[in-house]
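A.B. asks: Next up, data_17.cif (mmCIF, C-alpha atoms).
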```
data_input
#
loop_
_atom_site.label_atom_id
_atom_site.label_comp_id
_atom_site.auth_asym_id
_atom_site.auth_seq_id
_atom_site.Cartn_x
_atom_site.Cartn_y
_atom_site.Cartn_z
CA MET A 1 -189.31 -81.18 -142.25
CA HIS A 2 -187.22 -81.25 -145.42
CA GLU A 3 -189.96 -82.96 -147.44
CA MET A 4 -190.65 -79.67 -149.24
CA SER A 5 -187.06 -79.62 -150.51
CA ILE A 6 -187.37 -83.28 -151.51
CA ALA A 7 -190.71 -82.65 -153.26
CA MET A 8 -189.21 -79.74 -155.15
CA ALA A 9 -186.25 -81.85 -156.24
CA VAL A 10 -188.68 -84.48 -157.55
CA VAL A 11 -190.75 -81.89 -159.42
CA ASP A 12 -187.59 -80.31 -160.82
CA GLN A 13 -186.29 -83.58 -162.23
CA VAL A 14 -189.63 -84.74 -163.59
CA GLU A 15 -190.26 -81.34 -165.15
CA GLU A 16 -186.92 -81.50 -166.92
CA ALA A 17 -187.60 -84.97 -168.28
CA ALA A 18 -191.17 -84.07 -169.24
CA GLN A 19 -190.07 -80.99 -171.13
CA ALA A 20 -187.36 -82.93 -172.95
CA GLY A 21 -189.93 -85.57 -173.81
CA GLY A 22 -192.54 -83.07 -174.95
CA ALA A 23 -195.13 -83.93 -172.34
CA ALA A 24 -198.27 -81.83 -172.11
CA SER A 25 -199.14 -82.96 -168.62
CA VAL A 26 -197.87 -85.41 -166.04
CA GLY A 27 -200.42 -87.79 -164.58
CA SER A 28 -198.39 -89.57 -161.95
CA VAL A 29 -194.92 -89.98 -160.51
CA ARG A 30 -193.80 -93.25 -158.96
CA LEU A 31 -191.29 -92.86 -156.14
CA GLN A 32 -189.47 -95.44 -154.07
CA VAL A 33 -188.98 -94.39 -150.46
CA GLY A 34 -186.82 -96.61 -148.30
CA GLU A 35 -187.58 -97.15 -144.64
CA LEU A 36 -184.26 -95.52 -143.77
CA ALA A 37 -184.45 -92.68 -146.28
CA GLY A 38 -185.43 -90.25 -143.55
CA VAL A 39 -188.49 -89.08 -145.46
CA VAL A 40 -192.09 -89.17 -144.25
CA PRO A 41 -194.32 -90.28 -147.16
CA ASP A 42 -197.41 -88.41 -145.91
CA ALA A 43 -195.52 -85.17 -145.50
CA LEU A 44 -193.92 -85.72 -148.88
CA SER A 45 -197.29 -86.24 -150.57
CA PHE A 46 -198.61 -83.04 -149.04
CA CYS A 47 -195.55 -81.07 -150.17
CA PHE A 48 -195.63 -82.68 -153.60
CA GLY A 49 -199.08 -81.23 -154.28
CA LEU A 50 -197.80 -77.75 -153.41
CA ALA A 51 -194.58 -78.15 -155.38
CA CYS A 52 -196.49 -79.23 -158.51
CA ALA A 53 -198.59 -76.06 -158.61
CA GLY A 54 -198.00 -74.04 -161.76
CA THR A 55 -195.83 -76.70 -163.40
CA VAL A 56 -196.46 -79.37 -165.99
CA LEU A 57 -197.02 -81.65 -162.99
CA GLU A 58 -200.02 -79.66 -161.74
CA GLY A 59 -202.53 -82.17 -160.36
CA ALA A 60 -200.16 -85.12 -160.71
CA GLU A 61 -200.48 -88.03 -158.35
CA LEU A 62 -197.51 -89.16 -156.26
CA VAL A 63 -197.38 -92.93 -155.95
CA VAL A 64 -195.04 -93.90 -153.13
CA GLU A 65 -193.59 -97.41 -153.09
CA PRO A 66 -192.26 -98.07 -149.62
CA VAL A 67 -189.09 -100.19 -149.51
CA ALA A 68 -188.42 -102.21 -146.39
CA ALA A 69 -184.92 -102.02 -144.94
CA ARG A 70 -183.08 -105.34 -144.97
CA ALA A 71 -179.55 -106.23 -143.97
CA ARG A 72 -177.32 -109.26 -144.33
CA CYS A 73 -174.40 -110.67 -142.40
CA GLU A 74 -172.02 -112.29 -144.85
CA PRO A 75 -170.19 -114.59 -142.39
CA CYS A 76 -173.47 -115.86 -140.90
CA ALA A 77 -175.31 -115.89 -144.23
CA ASP A 78 -178.13 -114.37 -142.22
CA GLU A 79 -180.59 -111.81 -143.59
CA TRP A 80 -183.09 -109.80 -141.60
CA ALA A 81 -185.60 -106.94 -141.69
CA VAL A 82 -183.82 -104.23 -139.72
CA GLY A 83 -187.02 -102.65 -138.38
CA MET A 84 -187.40 -99.21 -136.89
CA PRO A 85 -185.32 -98.16 -135.05
CA PRO A 86 -182.99 -100.25 -137.19
CA ARG A 87 -180.93 -103.10 -135.78
CA LEU A 88 -177.78 -103.06 -137.87
CA CYS A 89 -175.67 -105.49 -135.85
CA CYS A 90 -176.03 -109.12 -136.90
CA PRO A 91 -178.70 -110.71 -134.67
CA ALA A 92 -176.91 -114.06 -134.98
CA CYS A 93 -173.27 -113.19 -134.21
CA GLY A 94 -173.75 -109.70 -132.75
CA GLU A 95 -170.86 -108.43 -134.83
CA PRO A 96 -170.91 -105.20 -136.84
CA THR A 97 -170.76 -107.14 -140.09
CA ALA A 98 -174.06 -106.02 -141.54
CA GLU A 99 -174.43 -105.02 -145.11
CA LEU A 100 -177.50 -102.99 -145.99
CA LEU A 101 -179.43 -104.56 -148.85
CA SER A 102 -182.24 -102.03 -149.09
CA GLY A 103 -183.91 -99.20 -147.22
CA ARG A 104 -182.07 -96.05 -148.27
CA GLU A 105 -183.93 -95.60 -151.57
CA LEU A 106 -185.20 -92.19 -152.49
CA GLN A 107 -185.68 -92.71 -156.16
CA ILE A 108 -187.96 -91.56 -158.95
CA VAL A 109 -188.89 -94.82 -160.63
CA SER A 110 -191.16 -93.72 -163.43
CA VAL A 111 -193.45 -91.01 -164.69
CA HIS A 112 -196.72 -91.27 -166.51
CA TRP A 113 -197.38 -88.41 -168.88
CA GLN A 114 -199.59 -87.26 -171.70
CA ASP A 115 -197.79 -86.15 -174.85
CA GLY A 116 -198.25 -82.63 -176.17
CA PRO A 117 -200.01 -82.25 -179.56
CA GLU A 118 -196.76 -81.44 -181.36
CA HIS A 119 -195.42 -84.81 -180.29
CA GLU A 120 -198.33 -86.89 -181.46
CA HIS A 121 -196.97 -87.23 -184.97
CA THR A 122 -193.26 -87.00 -184.36
CA ARG A 123 -190.72 -89.71 -183.93
CA GLU A 124 -189.83 -91.24 -180.64
CA PRO A 125 -187.64 -88.70 -178.86
CA ILE A 126 -184.08 -89.74 -178.14
CA PHE A 127 -183.35 -88.80 -174.57
CA GLN A 128 -180.09 -87.13 -173.77
CA GLU A 129 -178.09 -87.58 -170.63
CA ARG A 130 -178.80 -84.59 -168.43
CA MET B 1 -200.75 -90.50 -176.39
CA CYS B 2 -199.90 -91.59 -172.87
CA ARG B 3 -196.58 -92.96 -171.94
CA GLU B 4 -194.88 -94.47 -168.96
CA VAL B 5 -191.27 -93.29 -168.73
CA ASP B 6 -188.76 -95.10 -166.54
CA LEU B 7 -186.61 -92.38 -165.07
CA GLN B 8 -184.69 -94.19 -162.34
CA GLN B 9 -183.19 -91.05 -160.88
CA ALA B 10 -182.14 -90.56 -157.30
CA VAL B 11 -184.06 -87.62 -155.89
CA LEU B 12 -180.95 -86.24 -154.24
CA ALA B 13 -178.74 -86.91 -157.27
CA LYS B 14 -178.14 -83.21 -157.88
CA ASN B 15 -177.12 -82.52 -154.30
CA ASP B 16 -174.90 -85.59 -154.27
CA ALA B 17 -173.22 -84.62 -157.54
CA THR B 18 -172.64 -81.09 -156.24
CA ALA B 19 -171.25 -82.52 -152.99
CA HIS B 20 -168.86 -84.75 -154.93
CA SER B 21 -167.45 -81.91 -156.97
CA LEU B 22 -167.25 -79.69 -153.89
CA ARG B 23 -165.32 -82.41 -152.05
CA ALA B 24 -163.00 -82.90 -155.01
CA GLY B 25 -162.41 -79.16 -155.39
CA LEU B 26 -161.74 -78.58 -151.70
CA THR B 27 -159.55 -81.65 -151.46
CA ALA B 28 -157.45 -80.29 -154.31
CA ARG B 29 -157.08 -77.07 -152.29
CA GLY B 30 -156.02 -79.06 -149.25
CA THR B 31 -159.22 -78.33 -147.32
CA THR B 32 -161.12 -80.98 -145.39
CA VAL B 33 -164.75 -80.33 -144.48
CA VAL B 34 -166.23 -81.48 -141.18
CA ASN B 35 -170.05 -81.45 -141.04
CA LEU B 36 -171.38 -81.05 -137.49
CA LEU B 37 -174.95 -82.19 -136.86
CA SER B 38 -176.96 -82.11 -133.66
CA SER B 39 -180.21 -80.97 -132.17
CA PRO B 40 -180.42 -77.34 -131.04
CA GLY B 41 -178.70 -76.69 -127.75
CA SER B 42 -176.50 -79.77 -127.69
CA GLY B 43 -173.31 -77.74 -127.48
CA LYS B 44 -172.01 -77.59 -131.05
CA THR B 45 -171.00 -73.96 -130.80
CA GLU B 46 -169.31 -74.27 -127.42
CA LEU B 47 -167.22 -77.22 -128.53
CA LEU B 48 -166.47 -75.67 -131.89
CA GLU B 49 -165.35 -72.39 -130.39
CA ARG B 50 -162.82 -74.26 -128.30
CA GLU B 51 -161.69 -76.44 -131.19
CA LEU B 52 -161.13 -73.35 -133.32
CA GLY B 53 -159.23 -71.67 -130.50
CA ARG B 54 -157.06 -74.75 -130.04
CA ALA B 55 -156.35 -74.93 -133.78
CA TRP B 56 -155.56 -71.26 -134.01
CA ALA B 57 -153.17 -71.54 -131.07
CA ARG B 58 -151.45 -74.47 -132.76
CA GLY B 59 -151.12 -72.52 -135.97
CA VAL B 60 -153.44 -74.80 -137.92
CA PRO B 61 -155.44 -72.74 -140.39
CA VAL B 62 -159.08 -73.55 -139.79
CA ALA B 63 -162.32 -71.79 -140.60
CA ALA B 64 -165.94 -72.22 -139.62
CA LEU B 65 -169.26 -71.68 -141.30
CA THR B 66 -172.26 -71.72 -139.04
CA ALA B 67 -175.87 -71.92 -140.16
CA ASP B 68 -178.90 -70.76 -138.25
CA LEU B 69 -182.38 -69.63 -139.12
CA ALA B 70 -181.68 -66.26 -137.56
CA THR B 71 -179.17 -64.23 -135.50
CA GLU B 72 -175.43 -63.86 -135.81
CA ASN B 73 -174.85 -64.98 -132.25
CA ASP B 74 -172.98 -68.15 -133.12
CA ALA B 75 -170.62 -66.42 -135.52
CA VAL B 76 -169.85 -63.79 -132.90
CA ARG B 77 -169.02 -66.54 -130.39
CA LEU B 78 -166.92 -68.53 -132.85
CA ALA B 79 -165.04 -65.46 -134.07
CA ARG B 80 -163.59 -65.01 -130.57
CA SER B 81 -161.29 -67.88 -131.44
CA GLY B 82 -159.54 -65.74 -134.05
CA ALA B 83 -160.45 -68.07 -136.90
CA PRO B 84 -162.29 -66.82 -139.98
CA VAL B 85 -165.98 -67.37 -139.43
CA LYS B 86 -168.99 -67.00 -141.66
CA GLN B 87 -172.59 -66.93 -140.50
CA VAL B 88 -175.20 -68.22 -142.91
CA LEU B 89 -178.79 -67.29 -142.19
CA THR B 90 -181.03 -69.84 -143.81
CA ASP B 91 -184.08 -67.67 -143.37
CA GLY B 92 -186.19 -70.59 -142.26
CA LEU B 93 -184.64 -73.47 -144.19
CA CYS B 94 -184.00 -76.38 -141.85
CA HIS B 95 -180.78 -77.69 -143.40
CA LEU B 96 -177.81 -76.81 -145.57
CA GLU B 97 -177.42 -78.23 -149.07
CA ALA B 98 -174.18 -78.75 -150.97
CA GLY B 99 -174.92 -76.00 -153.48
CA MET B 100 -175.57 -73.50 -150.69
CA LEU B 101 -172.31 -74.37 -148.99
CA GLY B 102 -170.45 -74.10 -152.30
CA ARG B 103 -171.83 -70.62 -152.97
CA HIS B 104 -171.05 -69.42 -149.48
CA ILE B 105 -167.45 -70.57 -149.43
CA ASP B 106 -166.71 -69.56 -153.02
CA ASP B 107 -165.53 -66.04 -152.33
CA TRP B 108 -164.87 -66.37 -148.64
CA LEU B 109 -162.85 -69.44 -147.68
CA PRO B 110 -159.25 -68.28 -147.18
CA ASP B 111 -156.62 -70.05 -149.25
CA GLY B 112 -154.65 -72.57 -147.26
CA THR B 113 -157.53 -73.46 -144.93
CA ARG B 114 -156.90 -77.03 -143.83
CA ILE B 115 -160.13 -77.70 -141.97
CA LEU B 116 -163.49 -76.10 -142.61
CA PHE B 117 -165.95 -76.84 -139.82
CA VAL B 118 -169.55 -76.54 -140.93
CA GLU B 119 -171.98 -76.13 -138.06
CA ASN B 120 -175.20 -77.28 -139.65
CA VAL B 121 -178.64 -75.99 -138.65
CA GLY B 122 -179.53 -77.45 -135.24
CA ASN B 123 -181.76 -80.30 -136.37
CA LEU B 124 -181.30 -84.07 -136.31
CA VAL B 125 -183.74 -84.88 -139.09
CA CYS B 126 -183.28 -82.87 -142.26
CA PRO B 127 -179.51 -82.22 -142.44
CA ALA B 128 -178.90 -85.97 -142.30
CA SER B 129 -180.08 -86.41 -145.90
CA TYR B 130 -177.69 -83.88 -147.41
CA ASP B 131 -174.08 -84.62 -148.22
CA LEU B 132 -172.21 -81.31 -148.04
CA GLY B 133 -168.98 -82.61 -149.50
CA GLU B 134 -167.63 -83.38 -146.05
CA THR B 135 -164.88 -85.87 -145.34
CA LEU B 136 -165.99 -86.32 -141.76
CA ARG B 137 -169.58 -86.23 -140.55
CA VAL B 138 -169.88 -85.76 -136.83
CA VAL B 139 -173.12 -86.11 -134.86
CA LEU B 140 -173.24 -84.65 -131.36
CA ALA B 141 -175.58 -85.36 -128.48
CA SER B 142 -175.45 -83.85 -125.01
CA VAL B 143 -175.91 -85.96 -121.91
CA THR B 144 -179.08 -84.00 -121.11
CA GLU B 145 -180.83 -85.30 -124.23
CA GLY B 146 -181.29 -88.86 -123.06
CA GLU B 147 -179.64 -92.16 -123.93
CA ASP B 148 -182.19 -93.09 -126.60
CA LYS B 149 -181.46 -90.16 -128.91
CA PRO B 150 -179.66 -92.42 -131.41
CA LEU B 151 -182.75 -94.64 -131.66
CA LYS B 152 -185.10 -91.70 -132.05
CA TYR B 153 -182.99 -90.19 -134.84
CA PRO B 154 -181.53 -93.26 -136.52
CA THR B 155 -180.73 -91.61 -139.86
CA ALA B 156 -178.60 -88.90 -138.29
CA PHE B 157 -176.75 -91.25 -135.94
CA GLY B 158 -176.71 -94.06 -138.48
CA LEU B 159 -174.78 -91.96 -140.98
CA ALA B 160 -172.31 -90.48 -138.48
CA GLN B 161 -168.62 -91.16 -138.93
CA LEU B 162 -167.97 -90.01 -135.38
CA VAL B 163 -170.34 -89.53 -132.46
CA VAL B 164 -169.49 -86.91 -129.84
CA VAL B 165 -171.14 -86.80 -126.44
CA THR B 166 -171.11 -83.27 -125.03
CA LYS B 167 -171.58 -81.76 -121.55
CA THR B 168 -170.34 -84.86 -119.73
CA ASP B 169 -169.68 -82.58 -116.74
CA LEU B 170 -173.47 -82.73 -116.29
CA ALA B 171 -173.69 -86.51 -116.70
CA GLN B 172 -174.00 -87.29 -113.01
CA ALA B 173 -176.60 -84.59 -112.38
CA VAL B 174 -178.88 -85.89 -115.13
CA GLY B 175 -178.15 -89.57 -114.54
CA PHE B 176 -176.72 -90.16 -118.01
CA ASP B 177 -176.32 -93.88 -118.71
CA GLU B 178 -173.24 -93.97 -120.90
CA ALA B 179 -173.38 -97.71 -121.54
CA ALA B 180 -176.98 -97.50 -122.77
CA PHE B 181 -176.14 -94.57 -125.02
CA ARG B 182 -173.20 -96.46 -126.53
CA ALA B 183 -175.35 -99.55 -127.07
CA HIS B 184 -177.97 -97.49 -128.87
CA VAL B 185 -175.35 -95.91 -131.11
CA GLN B 186 -173.94 -99.34 -131.95
CA GLN B 187 -177.41 -100.63 -132.82
CA VAL B 188 -177.89 -98.07 -135.59
CA ASN B 189 -174.24 -97.59 -136.52
CA PRO B 190 -172.08 -100.55 -135.53
CA GLY B 191 -168.40 -99.77 -135.22
CA VAL B 192 -168.62 -95.97 -135.04
CA ASP B 193 -166.43 -94.30 -132.41
CA VAL B 194 -168.13 -92.50 -129.54
CA VAL B 195 -166.05 -89.87 -127.77
CA LEU B 196 -166.84 -87.87 -124.63
CA THR B 197 -166.35 -84.16 -124.21
CA ALA B 198 -166.95 -81.48 -121.60
CA ALA B 199 -165.99 -78.36 -123.51
CA ARG B 200 -166.28 -75.94 -120.61
CA ARG B 201 -163.80 -78.03 -118.66
CA GLY B 202 -161.62 -78.43 -121.72
CA GLU B 203 -162.12 -82.19 -121.69
CA GLY B 204 -161.91 -83.77 -125.11
CA VAL B 205 -161.12 -80.45 -126.77
CA GLY B 206 -158.72 -80.85 -129.70
CA MET B 207 -159.99 -84.32 -130.53
CA LEU B 208 -162.19 -83.11 -133.39
CA LEU B 209 -159.30 -81.18 -134.86
CA ASP B 210 -157.01 -84.22 -134.64
CA ARG B 211 -159.62 -86.47 -136.24
CA ALA B 212 -160.25 -83.97 -139.02
CA LEU B 213 -156.54 -83.52 -139.72
CA ALA B 214 -156.04 -87.28 -139.79
CA ALA B 215 -159.00 -87.74 -142.15
CA GLY B 216 -157.60 -85.01 -144.38
CA GLU B 217 -154.31 -86.85 -144.53
CA GLY B 218 -156.05 -90.00 -145.69
CA ALA B 219 -156.45 -91.90 -142.42
CA PRO B 220 -159.34 -94.32 -142.69
CA VAL B 221 -162.70 -92.88 -141.67
CA HIS B 222 -165.55 -95.01 -140.40
CA THR B 223 -168.05 -96.07 -143.07
CA PRO B 224 -171.49 -96.55 -141.50
CA VAL B 225 -173.57 -99.57 -142.50
CA MET B 226 -176.31 -97.18 -143.57
CA ALA B 227 -173.95 -95.46 -145.97
CA ARG B 228 -172.88 -98.65 -147.69
CA GLN B 229 -175.99 -100.13 -149.14
CA HIS B 230 -175.42 -103.17 -151.30
CA PRO B 231 -173.63 -102.23 -154.55
CA SER B 232 -176.59 -103.24 -156.65
CA HIS B 233 -178.47 -100.37 -155.10
CA GLN B 234 -175.66 -97.95 -154.64
CA HIS B 235 -175.51 -96.43 -158.08
CA THR B 236 -178.15 -94.65 -159.97
CA HIS B 237 -178.10 -95.41 -163.65
CA THR B 238 -179.32 -92.24 -165.20
CA HIS B 239 -181.17 -93.40 -168.22
CA GLN B 240 -184.55 -93.11 -169.71
CA HIS B 241 -186.56 -96.04 -170.81
CA THR B 242 -189.62 -95.10 -172.70
CA HIS B 243 -192.56 -97.33 -173.40
CA THR B 244 -194.65 -95.77 -176.07
CA HIS B 245 -198.18 -96.92 -176.53
CA GLN B 246 -199.24 -95.65 -179.90
CA ASP B 247 -202.77 -95.37 -181.06
CA HIS B 248 -203.50 -98.94 -182.12
CA ARG B 249 -206.05 -98.02 -184.80
CA THR B 250 -203.58 -96.06 -186.87
CA HIS B 251 -200.32 -97.77 -185.99
CA GLY B 252 -201.32 -101.35 -185.82
CA GLY B 253 -200.25 -101.93 -182.24
CA GLN B 254 -196.74 -100.63 -182.63
CA HIS B 255 -194.81 -100.71 -179.38
CA THR B 256 -191.54 -98.88 -179.37
CA HIS B 257 -188.81 -99.03 -176.76
CA THR B 258 -186.12 -96.45 -176.57
CA HIS B 259 -183.32 -97.28 -174.22
CA THR B 260 -180.47 -94.89 -173.76
CA HIS B 261 -177.71 -95.81 -171.33
CA THR B 262 -174.82 -93.52 -170.84
CA GLY B 263 -172.97 -95.45 -168.22
CA VAL B 264 -172.76 -92.39 -166.02
CA HIS B 265 -173.17 -93.33 -162.40
CA THR B 266 -174.46 -90.98 -159.81
CA HIS B 267 -173.49 -91.89 -156.27
CA THR B 268 -176.39 -91.70 -153.96
CA HIS B 269 -174.37 -91.63 -150.78
CA PRO B 270 -171.66 -89.47 -149.35
CA ASP B 271 -168.20 -90.51 -150.33
CA LEU B 272 -167.18 -91.97 -147.04
CA GLY B 273 -163.93 -93.45 -148.23
CA THR B 274 -160.51 -92.13 -147.57
CA HIS B 275 -158.97 -89.48 -149.71
CA ASP B 276 -155.54 -89.63 -151.10
CA HIS B 277 -154.60 -86.15 -152.12
CA PRO B 278 -151.77 -83.69 -151.92
CA HIS B 279 -151.53 -81.38 -148.97
CA THR B 280 -150.11 -77.96 -148.82
CA GLY B 281 -148.67 -78.52 -145.38
CA PRO B 282 -149.39 -76.53 -142.28
CA HIS B 283 -149.89 -72.85 -142.82
CA ALA B 284 -149.08 -71.04 -139.66
CA HIS B 285 -150.26 -67.66 -140.76
CA ALA B 286 -153.09 -65.99 -138.96
CA HIS B 287 -155.78 -63.86 -140.47
CA PRO B 288 -156.19 -61.25 -137.78
CA ASP B 289 -158.09 -58.93 -140.06
CA GLU B 290 -160.40 -61.64 -141.31
CA PRO B 291 -163.82 -60.05 -141.22
CA LEU B 292 -166.77 -61.78 -139.75
CA VAL B 293 -169.01 -62.42 -142.70
CA VAL B 294 -172.73 -62.78 -142.44
CA THR B 295 -174.68 -63.99 -145.39
CA THR B 296 -178.32 -64.65 -145.85
CA ALA B 297 -179.17 -67.63 -147.97
CA PRO B 298 -180.65 -66.49 -151.22
CA ALA B 299 -184.40 -66.34 -150.90
CA SER B 300 -185.91 -69.17 -152.81
CA ALA B 301 -189.05 -71.13 -153.02
CA ALA B 302 -187.26 -73.83 -151.05
CA GLN B 303 -187.69 -71.89 -147.86
CA HIS B 304 -189.83 -73.56 -145.32
CA ARG B 305 -190.11 -73.98 -141.63
CA PRO B 306 -188.70 -77.05 -139.98
#
```
Could you spell out this file's structure in structure tokens?

C.D. replies:
Amino acid sequence: MHEMSIAMAVVDQVEEAAQAGGAASVGSVRLQVGELAGVVPDALSFCFGLACAGTVLEGAELVVEPVAARARCEPCADEWAVGMPPRLCCPACGEPTAELLSGRELQIVSVHWQDGPEHEHTREPIFQER
Amino acid sequence: MCREVDLQQAVLAKNDATAHSLRAGLTARGTTVVNLLSSPGSGKTELLERELGRAWARGVPVAALTADLATENDAVRLARSGAPVKQVLTDGLCHLEAGMLGRHIDDWLPDGTRILFVENVGNLVCPASYDLGETLRVVLASVTEGEDKPLKYPTAFGLAQLVVVTKTDLAQAVGFDEAAFRAHVQQVNPGVDVVLTAARRGEGVGMLLDRALAAGEGAPVHTPVMARQHPSHQHTHTHQHTHTHQDHRTHGGQHTHTHTHTGVHTHTHPDLGTHDHPHTGPHAHAHPDEPLVVTTAPASAAQHRP
């Protein structure tokens, strides 16, 4: 159960971006979770609520976009949904030539936030590389 | 004013970046890290104790860091080999992270160590997600655990660069079907080597050391399919893309886009390639007075039960 650590990493990164952007509160966080990311979305949502407590994310919604795992065999030009447990050998030639196209995502896609009052009349913030 | 901000950041980007710099730093010191993952009771400590003993006898400077939720038992066992050993008590945390490893080895790892074996917390789920800066990730399974273990824990086995079967001296008693086990490993991680060991009989002992030394010298290491997602997905472009929706009544529907790209790429997967780096050569000096160090992971809000 490492979803608490994952949730805290999400909160940490969003908090940093929200502070840099002058957000007053964060409404939602959109997260891509690949089928092979090794993360359980339900457990993550539960932990996310706890990790948000006392931060600018308090009460924020976690929107999880599941990403199906797909692989491709270049020589066979074959592409397939790997399923769970994953089948990562080419179903056509049986060779270990698979290339994973998707499924390992664990990515914060976007954040929806409400600007703080001091930012209502200021210029668009220029974000810095963290 | 509400805004939707495109962050596009890998959740584990910080751990991965820390792991990369740890790997680079250790590589420069001539140290190769081996990350050992398995479920509790699969025989990591038994095999490791013998590997350390073999290395020490051969004059290869090795060290081991072992992580558990509680007790120093493993460190006491491993220290019998003569190698420097450090016990990390995670105080409930179910896995090691790169930053934790970095802090623990900072003031402890003896200079000239060629191989650092990291015995991760006994758990096949959580440690799989965390790159520790290792050059070789080894996943172990004992014959008593059943042939379908690789299918039940596909992330752990799918990201292994070497799979070790332990306790093969018990294989007959428990009816272990080696062919089925191998087929299951190949399903989730085609091409990975599977090796058999029976540590108490000395069978297969020394193999991990040889593999680690070879990897440290730049020999090719298996790259699992799961660790080489298509390049279009493999890098995280750390940038922020802000859509600002101004108040239409006062700003006349202004819609501003700020797009800052820095071109900095954060790898989201362990560096599973080979390493070409200088080596300091074998150091045949022993550290007989090397103390057994026990450290408790700093208490943090990240503590939780597995």

A.B. asks: Which residues match the PyMOL selection byres ((chain A and resi 3-11) around 9) in the file above, as a ChimeraX atom specification?

C.D. replies: /A:1-2,12-16,29,31,39-41,43-52,55,57,107-108 /B:10-12,14,126,301-304

A.B. asks: Selection in question (the file shown): the PyMOL selection byres ((chain B) within 6 of (chain A)). Which residues does it include, as a PyMOL selection string?

C.D. replies: chain B and resi 1-11+126+151+187-188+190+229-230+302+306

A.B. asks: When the PyMOL selection byres ((chain B and resi 36-40) around 8) is applied to the structure above, which residues does it catch, written out as a list of chain:residue names?

C.D. replies: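 Selected by the PyMOL selection byres ((chain B and resi 36-40) around 8) in this file: B:Val34, B:Asn35, B:Gly41, B:Ser42, B:Gly43, B:Lys44, B:Phe117, B:Val118, B:Glu119, B:Asn120, B:Val121, B:Gly122, B:Asn123, B:Leu124, B:Pro127, B:Ala128, B:Arg137, B:Val138, B:Val139, B:Leu140, B:Ala141, B:Ala156.
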
A.B. asks: Quick one: of B:Val225, B:Ser129, B:Ala83, B:Val88, who's nearest to Arg103 in chain B, counting only C-alpha atoms?

C.D. replies: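 So, comparing all the options, the nearest one is B:Val88.
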
A.B. asks: So how far away is CA of Asp16 in chain B from CA of Leu93 in chain B, in Å?

C.D. replies: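 These two atoms are separated by 18.5 Å.
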
A.B. asks: From the list B:Gly204, B:Gly158, B:Gly146, B:Gly133, which residue is nearest Thr223 in chain B when using only C-alpha atoms?

C.D. replies: B:Gly158

A.B. asks: Put the listed atoms of range 24-38 of chain A in a box along x, y and z with 6 Å added on every side and give me the centre and edge lengths in Å to one decimal, as JSON.

C.D. replies:
```
{"center_x": -192.3, "center_y": -89.5, "center_z": -157.8, "size_x": 28.2, "size_y": 27.3, "size_z": 40.6}
```

A.B. asks: Taking into account all atoms listed in the file, which residue in the set B:Leu89, B:Arg54, B:Thr18, B:Ser142 is nearest to Val205 in chain B?

C.D. replies: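 Under the stated criterion, the closest residue is B:Arg54.
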
A.B. asks: Provide the CA of Gly102 in chain B to CA of Val192 in chain B distance in Å, to one decimal place.

C.D. replies: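 About the pair CA of Gly102 in chain B and CA of Val192 in chain B: they are 27.9 Å apart.
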
A.B. asks: For the atom pair CA of Gln186 in chain B and CA of Thr66 in chain B, what is the interatomic distance in Å to one decimal place?

C.D. replies: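 Rounded to one decimal, the two atoms are 28.6 Å apart.
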